[in-house]
Every structure is written in structure tokens, then in C-alpha cells.
Amino acid sequence: MSISINSLKVEFSAKCLFDNISYIINRKDKIALVGKNGAGKSTMLKIIAGIQKPTSGSVSVPRNTTIGYLPQHMTLNDTSTVIDEVRTAFSHIREMHESLDHMTAELSERTDYESREYQELIEAMTAMSDRIAMEESDNCEAEMEKTLLGLGFTRDDFNRPTAEFSGGWRMRIELAKLLLTRPDVLLLDEPTNHLDIESIQWLENFLITKANAVVLVSHDRAFIDNVTNRTIEISLGKIYDYSVNYTKYVALRAERLEQQMRAYQNQQKMIKDTEDFIERFRYKATKSVQVQSRIKQLAKIERLEVDEVDTSHLNLKFPPAPRSGDYPVIADNLGKAYGEHQVFDHATFTIKRGEKVAFVGKNGEGKSTLVKCIMNEIPYTGSLKIGHNVKIGYFAQNQAQLLDGEITVFDTIDRVAVGDIRTKIRDILGAFMFGGEASDKKVKVLSGGEKTRLAMIRLLLEPVNLLILDEPTNHLDMKTKDILKEAIKEFDGTVIVVSHDREFLDGLVEKVYEFGGGQVRECLGGIYEFLEKKKLASLAELERSVPAARNETTTKNATTKNAADAVSPREQRKLSYAEQREREKFIRKARKKVEEAEAEVNRLEHEIAEIEEQISSGSTQSDIYERHAETTRQLENAMSVWELATIEYEDLERTN
């Protein structure tokens with residue numbers, strides 16, 4: 001399977017977005033599409049997905065190749081429960097059967113056994129058989145459960161109506177459906193915008209270990225670094241293809257631009273020397289032959305271009321922060337509940353002046369709720385003190401709605417800028433993608449993302465000493481995030497950042513507050529020290545953390561403790577001994593299930609190796625490919641059984 005993009009050209013009005021672009025997407029490619037905002041990354045995904053037509057050129061997709069596309073924005077279904085909506089991912093199985101029947105019929109009629117097309121048809125049949133077998137197996141429900149848990153849902157969420165969830169959570173439902181269809185090519189446009197750190201790490205692991213070809217657009221540098229092995233840059237209508245991840249691409253791109261610049265400068269010098277010669281000897285009869293030769297030479301030169309490079313060295317600095325008290329935020333037994341749902345309780349912590357801290361955790365665990373408590377927007381229990389002379393600058397998604405739609409982008413910033421920064425307003429706007437005529441647009445005509453960026457700039461120029469930023473990077477490209485990050489690092493006030501962007505938080509915060517299970521826990525050190533301690537990169541670790549089960553265990557333990565308080569020490573010991581024996585029995589059963597699952601995995605791996613050896617030795621058995629597909633399906637199921645058995649066993653061991 002490979003998708004071929006051939007001589008692609010796209011024009012909007014007088015602007016050429018793509019100019020004669022060609023490349024191939026191979027079976028196991030993990031590609032990052034990069035480039036400035038507006039370079040055409042999302043357009044490229046839409047063209048590959050068949051949603052948008054190019055001006056000229058074509059996209060060649062082999063027959064029976066499946067493509068899954070996740071756009072940034074979509075219309076979502078609100079008429080079913082979460083699990084029922086995700087189950088629709090398997091509604092295409094009938095079509096797959098029809099496709100397999102068609103391929104089987106075609107294979108029986110062909111006699112070109114040695115041709116490449118014949119082999120490709122066999123491979124397509126094998127892949128289709130494998131996919132059908134996996135999706136029709138009993139493993140289907142387990143795969144749905146693992147995917148939903150990995151994307152941050154709890155088992156209690158499965159039977160809730162999708163209408164009860166926010167747009168971000170419904171986007172996760174669509175992502176779950178897409179991943180479960182296991183398409184040959186996954187096209188993902190900013191998939192991490194609505195995910196928290198734990199879910200992003202789960203998605204990373206899924207894309208690395210289970211996905212086929214992936215083409216993604218993301219401004220999350222850590223995410224694309226971990227997932228991709230190829231980087232395609234779109235610049236000035238052309239593409240530059242690098243067989244490396246993003247970090248290595250950045251270094252290679254710098255080398256390329258340096259070489260381009262040297263070649264451009266050499267050519268410019270040669271052109272100038274030639275023009276000087278022509279001008280000097282144009283009217284000398286003795287030099288007329290040489291002059292004509294140089295004129296022809298100049299006309300034949302193919303002029304070199306240098307790729308667009310932002311040569312500005314913008315250093316965005318906040319105004320000096322007014323001095324606040326030593327402790328801008330002091331929380332003591334802070335709690336917040338909505339009805340019977342306790343978001344968090346007994347939160348006790350102190351944020352010192354000048355500290356930069358991160359609030360992290362799964363969505364819905366109380367990060368933004370605590371921010372609203374600090375802003376005194378909602379009531380709470382316990383004590384929360386805001387220090388002396390604290391001036392808060394608060395960025396949240398609804399900040400964009402508070403902008404004056406009748407004034408221009410430039411005036412919006414000009415009204416809050418003070419001091420020397422006023423001389424750099426247009427530079428700042430340019431860095432945040434409001435360069436040129438865009439700065440003279442009225443705010444009311446901006447898109448939601450543009451308004452968000454404008455609200456961010458406005459906030460960063462106000463003289464405050466406590467910055468609270470709730471998901472500030474969702475609509476910023478990598479360069480703009482770097483500018484923002486450096487500005488925050490140099491800010492001499494206090495900063496609270498709610499974010500899932502690991503690369504943005506790395507080197508920025510020195511303390512992490514983790515929200516989860518109704519608690520707020522303090523972790524000294526940066527974001528990667530926190531992640532190392534939590535070992536969140538482990539898929540099994542993530543899948544083991546099931547809040548519902550943990551809450552049931554906590555409740556049960558509390559009930560047991562209360563009952564134990566009412567009986568004698570001897571009765572307590574008998575009760576504990578009986579409980580321990582029962583637990584050990586469960587652990588032994590769980591261990592046996594793991595061992596049996598491991599044995600089955602080993603058996604199937606050995607069987608597949610034998611079949612592949614027969615194939616490589618030229619076996620003519622008619623059913624060998626079907627056997628390979630069936631055994632591969634069985635191995636996939638066995639691996640899932642082993643994963644679930646291991647999770648159950650380790651869960652029991654940990655609570656023993």
C-alpha cells in the first residue's frame with residue numbers, strides 16, 4: 001500500500017498554495033506535516049482524504065485502501081450513549097466482507113501469478129481478512145474499552161449520553177471511533193488540542209505500536225517528535241521531505257537554508273558582476289561580442305529563491321511586575337463540589353512570589369475549577385487567600401468573547417501597551433500572525449482562533465504580577481509558542497499554567513500540581529521529572545488507573561474499617577486473615593491467566609514464524625496466506641487477552 005501525490009497544484013485567487021508537489025506515503029510512514037500557519041497543511045490533509053479537489057494534479061489511492069481523517073472541527077452526533085456511538089466504528093464490516101468477496105473473485109480469475117499486481121492483491125486480501133477477523137472477534141468490546149479508557153473516559157462514562165459532554169470530549173469520541181476502524185492511513189489535524197497529558201501519551205503509544213501510516217499536523221513538538229519518523233515541510237508552495245523526526249529536521253533545515261543562502265549570495269554576486277560588465281562595455285565596439293554573450297548568459301540564468309525565513313529577532317518582554325506579597329496564593333483545606341460530585345477537597349498548598357507552576361491532570365479533575373476559585377468566580381469551601389498587592393492577569397478561552405469587536409486588531413493592543421513596547425506593536429502582532437493588513441482588521445471579523453491569540457497578546461502587555469494561563473498554546477504555532485515561553489521565563493512575577501503541552505512546560509515550571517481522584521498533589525521539579533515519577537508513559541500504568549474502581553475500593557476499605565472498629569482485636573485478625581486468603585486466591589487465579597495468555601502468545605508467534613518461513617521458501621499451498629491472516633488475527637486477540645490479564649494481575653498485586 002502506498003498513496004501517491006502527483007504534480008499537485010492548488011490556487012486560491014492569485015495565490016499559489018501548492019506548486020507541482022509530488023511525494024509518496026508508504027505503509028508504515030509516520031509523517032509530520034509542518035510549515036507556517038497558512039502554508040497549506042490542513043488543505044493537504046483534506047486533499048488526501050478526498051474532501052477537497054486540487055486545481056490540478058492527482059492523488060492515487062490503491063483500491064481497497066482505507067483512509068481515516070480527523071479534522072480540527074466537525075459536526076458531532078448527540079443522539080446516543082458514548083459506547084453506542086463508538087460501536088458504530090464497526091458498522092462498515094459488511095462493506096469489508098463485500099470488498100473481500102470481490103477480491104477473492106478477482107484472484108480466482110487471474111493467472112499472472114508472478115506479477116507485482118497479483119502480489120499486491122494477495123497482500124490486500126490478507127490485510128482485509130485480518131481486519132475483518134479482528135473486528136468480528138470477541139476482542140471488539142475489549143478494544144473499545146481500552147481505547148476509551150486510554151482517551152480519558154471512565155467506565156461510568158460509557159453509558160452516558162454524548163450530549164452531556166463538552167465539544168472537546170465529543171472530539172475524543174470521534175477519535176476513538178477513528179482509531180478503532182484501523183484505517184490504512186490516519187490523517188490527524190491537531191489531534192492533541194482536546195487531550196490531556198495522559199491521553200496524549202496513550203495516543204502516542206497507540207500510533208507508534210498499532211497504527212499503519214500516519215500523516216499528522218500538530219503544534220505539540222514533543223508529540224510529533226515521539227510519533228513521527230518523517231517530516232514534510234511545506235514552504236512557498238513547495239515541499240521538502242526529510243526522513244527524520246521533527247528535532248532532527250530542524251537541524252537539517254537550518255543547514256539547508258544556510259546552503260541556500262550561500263548559493264543565492266554567490267548567484268547575486270555573479271549577476272551583479274555580469275551586469276556591471278555589460279554596463280561598462282555596452283557602447284564599446286571592441287567588446288560587443290562579449291557584451292552580447294553576457295546578456296544571453298544573464299537571460300538564461302534560473303534565479304534562485306531563498307525559502308521564507310522570519311529574520312526578526314523579537315524579544316517580547318512583559319512590563320515589570322508590581323511587587324506583590326511573598327505568598328500570592330495560600331490554600332488551606334480548599335474544596336469544591338457541584339451537587340454530590342466533589343471535584344477536589346482538602347487542597348492545601350502555597351505558591352510563593354516568583355514561582356512558575358503547572359496544573360496538570362485529566363480533563364474534568366478540577367484544574368480550571370481551582371483557577372476559577374482563585375479568581376473568586378465561584379464559591380468554595382475551606383480557605384483561599386490572595387496575597388497583598390496581587391494583580392492577576394487571567395487567560396481563559398472565554399477571554400476572546402470579551403474583546404471589543406468594533407475596533408481594529410492594532411487598536412486593541414495599542415490601548416493596553418505601555419512604555420517602550422508601544423514602538424514594537426506591529427512586530428508583536430506579526431509574531432502572533434497578525435502581520436501586514438491583518439492588523440487593520442476589525443476584531444469582529446476574526447475567527448475564534450485569531451480572537452484567542454489576540455486576547456493572549458492583550459493580556460501579556462498588561463502590568464500584572466500573577467499570570468494565570470489556562471491552555472494558552474492551543475492556537476499558537478511552534479515559533480509563537482517559543483516566543484511566549486521565553487517571555488514567561490523572563491517574567492519576574494508569579495505564573496500558573498494549565499497546560500497539556502509537555503514541551504512548552506519543560507524548562508518553564510519548577511513545580512507541578514497534579515489533579516486527580518479528588519485531590520491536589522504537589523510535585524517538586526519540572527514536568528518531565530513529574531512524568532518520570534508517575535511513569536505515565538507506560539500504557540499499562542495508564543490503563544490501570546480507573547477512578548471508578550479506585551473509588552469503590554476506597555469506599556469498601558472505609559466501610560471495612562468502620563466495621564472493624566466495632567469488633568474485638570481477635571475478630572479483626574480473623575477477618576483480616578480471611579480477607580487475605582481470599583485476595584491471595586484471586587491473585588493466584590490472575591497470575592495463572594497471565595501465564596496461560598503468555599503461553600498462547602508464544603505458541604502463535606512460533607506458528608506465524610513457521611508459516612512465514614514456508615512463504616519465503618516458495619510454498620505453493622493454496623491456503624497459506626489465509627492461514628497467515630487467521631493466525632495473525634489470533635495473535636492480535638491473544639495479545640489483547642494478555643494485556644488485560646496483566647493489568648488485572650498488577651492491579652491486584654499493587655493493592656495487596
# chains A, B, ... in the order shown; residues from 1 in each chain; ligands from 1
call {"tool": "residues_around", "arguments": {"residues": "Ile407 of chain A", "least_positions_apart": "2", "cutoff": "10 Å", "atoms": "only C-alpha atoms", "output": "short mmCIF file (atom, residue, chain, number, x, y, z; two decimals) with all heavy atoms, in the first residue's frame"}}
result
data_model
loop_
_atom_site.label_atom_id
_atom_site.label_comp_id
_atom_site.auth_asym_id
_atom_site.auth_seq_id
_atom_site.Cartn_x
_atom_site.Cartn_y
_atom_site.Cartn_z
N LEU A 403 -13.47 40.78 23.96
CA LEU A 403 -12.82 41.82 23.16
C LEU A 403 -13.87 42.72 22.49
O LEU A 403 -14.98 42.29 22.20
CB LEU A 403 -11.95 41.17 22.07
CG LEU A 403 -10.78 40.31 22.56
CD1 LEU A 403 -10.14 39.59 21.38
CD2 LEU A 403 -9.74 41.17 23.27
N ASP A 404 -13.50 43.97 22.24
CA ASP A 404 -14.38 44.92 21.56
C ASP A 404 -14.33 44.64 20.06
O ASP A 404 -13.30 44.85 19.41
CB ASP A 404 -13.91 46.35 21.86
CG ASP A 404 -14.86 47.40 21.29
OD1 ASP A 404 -15.69 47.04 20.43
OD2 ASP A 404 -14.76 48.57 21.69
N GLY A 405 -15.43 44.15 19.49
CA GLY A 405 -15.44 43.76 18.09
C GLY A 405 -15.40 44.92 17.11
O GLY A 405 -15.13 44.73 15.92
N VAL A 409 -7.51 45.29 15.25
CA VAL A 409 -6.53 44.48 15.97
C VAL A 409 -5.46 45.37 16.56
O VAL A 409 -5.08 45.23 17.73
CB VAL A 409 -5.91 43.43 15.01
CG1 VAL A 409 -4.70 42.76 15.65
CG2 VAL A 409 -6.95 42.40 14.58
N PHE A 410 -4.94 46.30 15.76
CA PHE A 410 -3.89 47.19 16.23
C PHE A 410 -4.37 48.01 17.43
O PHE A 410 -3.66 48.12 18.44
CB PHE A 410 -3.43 48.12 15.11
CG PHE A 410 -2.32 49.05 15.51
CD1 PHE A 410 -0.99 48.66 15.38
CD2 PHE A 410 -2.59 50.31 16.03
CE1 PHE A 410 0.04 49.51 15.77
CE2 PHE A 410 -1.57 51.16 16.42
CZ PHE A 410 -0.24 50.75 16.29
N ASP A 411 -5.56 48.60 17.34
CA ASP A 411 -6.07 49.44 18.43
C ASP A 411 -6.30 48.63 19.70
O ASP A 411 -6.13 49.14 20.82
CB ASP A 411 -7.37 50.12 18.01
CG ASP A 411 -7.14 51.23 16.99
OD1 ASP A 411 -5.99 51.72 16.92
OD2 ASP A 411 -8.07 51.57 16.24
N THR A 412 -6.68 47.37 19.55
CA THR A 412 -6.89 46.51 20.72
C THR A 412 -5.63 46.43 21.56
O THR A 412 -5.67 46.47 22.79
CB THR A 412 -7.32 45.10 20.28
OG1 THR A 412 -8.54 45.19 19.54
CG2 THR A 412 -7.52 44.18 21.48
N ASP A 440 -5.04 45.64 10.66
CA ASP A 440 -6.06 46.69 10.48
C ASP A 440 -7.48 46.11 10.38
O ASP A 440 -8.45 46.85 10.18
CB ASP A 440 -5.76 47.50 9.22
CG ASP A 440 -4.43 48.25 9.35
OD1 ASP A 440 -4.15 48.76 10.45
OD2 ASP A 440 -3.67 48.29 8.36
N LYS A 441 -7.60 44.78 10.53
CA LYS A 441 -8.94 44.16 10.52
C LYS A 441 -9.69 44.53 11.80
O LYS A 441 -9.09 44.69 12.86
CB LYS A 441 -8.83 42.64 10.45
CG LYS A 441 -8.40 42.08 9.13
CD LYS A 441 -8.40 40.55 9.22
CE LYS A 441 -7.99 39.90 7.92
NZ LYS A 441 -7.97 38.42 8.06
N LYS A 442 -11.02 44.58 11.69
CA LYS A 442 -11.82 44.73 12.89
C LYS A 442 -11.91 43.39 13.61
O LYS A 442 -11.95 42.33 12.99
CB LYS A 442 -13.22 45.24 12.55
CG LYS A 442 -13.25 46.74 12.24
CD LYS A 442 -14.65 47.29 12.31
CE LYS A 442 -14.64 48.81 12.18
NZ LYS A 442 -15.99 49.37 12.31
N VAL A 443 -11.94 43.44 14.93
CA VAL A 443 -11.94 42.23 15.74
C VAL A 443 -13.13 41.34 15.42
O VAL A 443 -13.02 40.11 15.44
CB VAL A 443 -11.91 42.60 17.24
CG1 VAL A 443 -12.12 41.37 18.11
CG2 VAL A 443 -10.60 43.29 17.60
N LYS A 444 -14.27 41.93 15.09
CA LYS A 444 -15.48 41.13 14.88
C LYS A 444 -15.39 40.20 13.67
O LYS A 444 -16.16 39.24 13.57
CB LYS A 444 -16.69 42.05 14.75
CG LYS A 444 -16.68 42.97 13.54
CD LYS A 444 -17.92 43.88 13.55
CE LYS A 444 -17.93 44.83 12.36
NZ LYS A 444 -19.09 45.74 12.43
#
call {"tool": "residues_around", "arguments": {"residues": "segment 7-10 of chain A", "least_positions_apart": "2", "cutoff": "7 Å", "atoms": "only C-alpha atoms", "output": "PyMOL selection string"}}
result
chain A and resi 5+12+16-22+54-58
call {"tool": "write_last_selection", "arguments": {"atoms": "C-alpha atoms", "output": "mmCIF file, in the first residue's frame"}}
result
data_model
loop_
_atom_site.group_PDB
_atom_site.id
_atom_site.type_symbol
_atom_site.label_atom_id
_atom_site.label_comp_id
_atom_site.auth_asym_id
_atom_site.auth_seq_id
_atom_site.Cartn_x
_atom_site.Cartn_y
_atom_site.Cartn_z
ATOM 1 C CA ILE A 5 0.573 12.528 -4.647
ATOM 2 C CA PHE A 12 -6.666 30.423 -4.208
ATOM 3 C CA CYS A 16 -0.433 29.523 -5.377
ATOM 4 C CA LEU A 17 -0.644 27.357 -2.274
ATOM 5 C CA PHE A 18 0.970 24.236 -3.819
ATOM 6 C CA ASP A 19 3.054 24.288 -6.986
ATOM 7 C CA ASN A 20 3.679 20.922 -8.693
ATOM 8 C CA ILE A 21 4.106 18.882 -5.483
ATOM 9 C CA SER A 22 4.778 15.134 -5.647
ATOM 10 C CA PRO A 54 -6.784 20.343 -6.198
ATOM 11 C CA THR A 55 -6.557 22.850 -9.054
ATOM 12 C CA SER A 56 -4.535 20.248 -10.960
ATOM 13 C CA GLY A 57 -2.642 17.043 -10.267
ATOM 14 C CA SER A 58 -3.968 13.942 -8.552
#
call {"tool": "residues_around", "arguments": {"residues": "segment 342-348 of chain A", "least_positions_apart": "4", "cutoff": "7 Å", "atoms": "only C-alpha atoms", "output": "ChimeraX atom specification"}}
result
/A:331-338,365-366,518-520
call {"tool": "atom_distance", "arguments": {"atom1": "atom CA of Ser60 of chain A", "atom2": "atom CA of Ser243 of chain A"}}
result
21.6 Å
call {"tool": "residues_around", "arguments": {"residues": "segment 178-181 of chain A", "least_positions_apart": "5", "cutoff": "12 Å", "atoms": "only C-alpha atoms", "output": "ChimeraX atom specification"}}
result
/A:66-71,85-93,96,128,131-132,134-136,139-148,150-151,171-173,186-188,191,203,206-207,210-212,214
call {"tool": "select_by_dssp", "arguments": {"residues": "segment 136-230 of chain A", "states": "alpha helix (DSSP H)", "output": "MDAnalysis selection string"}}
result
chainID A and resid 136 139:150 167:180 197:209 221:227
call {"tool": "residues_around", "arguments": {"residues": "Lys296 of chain A", "least_positions_apart": "5", "cutoff": "12 Å", "atoms": "only C-alpha atoms", "output": "ChimeraX atom specification"}}
result
/A:274-275,278,289-291,301
call {"tool": "atom_distance", "arguments": {"atom1": "atom CA of Ala599 of chain A", "atom2": "atom CA of Asn637 of chain A"}}
result
13.3 Å
call {"tool": "closest_residue", "arguments": {"among": "A:Phe281, A:Leu384, A:Ala127, A:Phe434", "to": "Val371 of chain A", "atoms": "only C-alpha atoms"}}
result
A:Leu384
call {"tool": "atom_distance", "arguments": {"atom1": "atom CA of Asp623 of chain A", "atom2": "atom CA of Val61 of chain A"}}
result
27.9 Å
call {"tool": "select_by_dssp", "arguments": {"residues": "segment 168-333 of chain A", "states": "strand (DSSP E or B)", "output": "VMD selection string"}}
result
chain A and resid 185 to 189 213 to 217 230 to 235 238 to 242 329 to 333
call {"tool": "write_last_selection", "arguments": {"atoms": "C-alpha atoms", "output": "mmCIF file, in the first residue's frame"}}
result
data_model
loop_
_atom_site.group_PDB
_atom_site.id
_atom_site.type_symbol
_atom_site.label_atom_id
_atom_site.label_comp_id
_atom_site.auth_asym_id
_atom_site.auth_seq_id
_atom_site.Cartn_x
_atom_site.Cartn_y
_atom_site.Cartn_z
ATOM 1 C CA VAL A 185 -3.785 5.779 6.563
ATOM 2 C CA LEU A 186 -4.660 8.051 9.503
ATOM 3 C CA LEU A 187 -4.877 11.785 8.780
ATOM 4 C CA LEU A 188 -4.906 13.767 12.044
ATOM 5 C CA ASP A 189 -5.277 17.548 12.182
ATOM 6 C CA ALA A 213 0.586 5.021 8.009
ATOM 7 C CA VAL A 214 0.004 8.326 9.836
ATOM 8 C CA VAL A 215 0.074 11.886 8.496
ATOM 9 C CA LEU A 216 -0.432 14.472 11.217
ATOM 10 C CA VAL A 217 -0.452 18.204 11.753
ATOM 11 C CA ARG A 230 9.469 11.548 8.576
ATOM 12 C CA THR A 231 8.917 15.304 8.267
ATOM 13 C CA ILE A 232 7.465 17.072 5.225
ATOM 14 C CA GLU A 233 7.819 20.845 5.280
ATOM 15 C CA ILE A 234 5.526 22.995 3.150
ATOM 16 C CA SER A 235 7.169 26.292 2.227
ATOM 17 C CA LYS A 238 6.989 23.568 -2.422
ATOM 18 C CA ILE A 239 7.764 20.664 -0.103
ATOM 19 C CA TYR A 240 10.981 19.456 1.493
ATOM 20 C CA ASP A 241 10.951 15.810 2.529
ATOM 21 C CA TYR A 242 13.145 14.638 5.438
ATOM 22 C CA VAL A 329 -1.763 32.213 46.757
ATOM 23 C CA ILE A 330 -2.335 30.286 50.012
ATOM 24 C CA ALA A 331 -4.888 27.437 50.012
ATOM 25 C CA ASP A 332 -5.874 25.570 53.176
ATOM 26 C CA ASN A 333 -8.303 22.622 53.011
#
call {"tool": "closest_residue", "arguments": {"among": "A:Glu510, A:Asp101, A:Glu490, A:Glu120", "to": "Glu522 of chain A", "atoms": "only C-alpha atoms"}}
result
A:Glu510
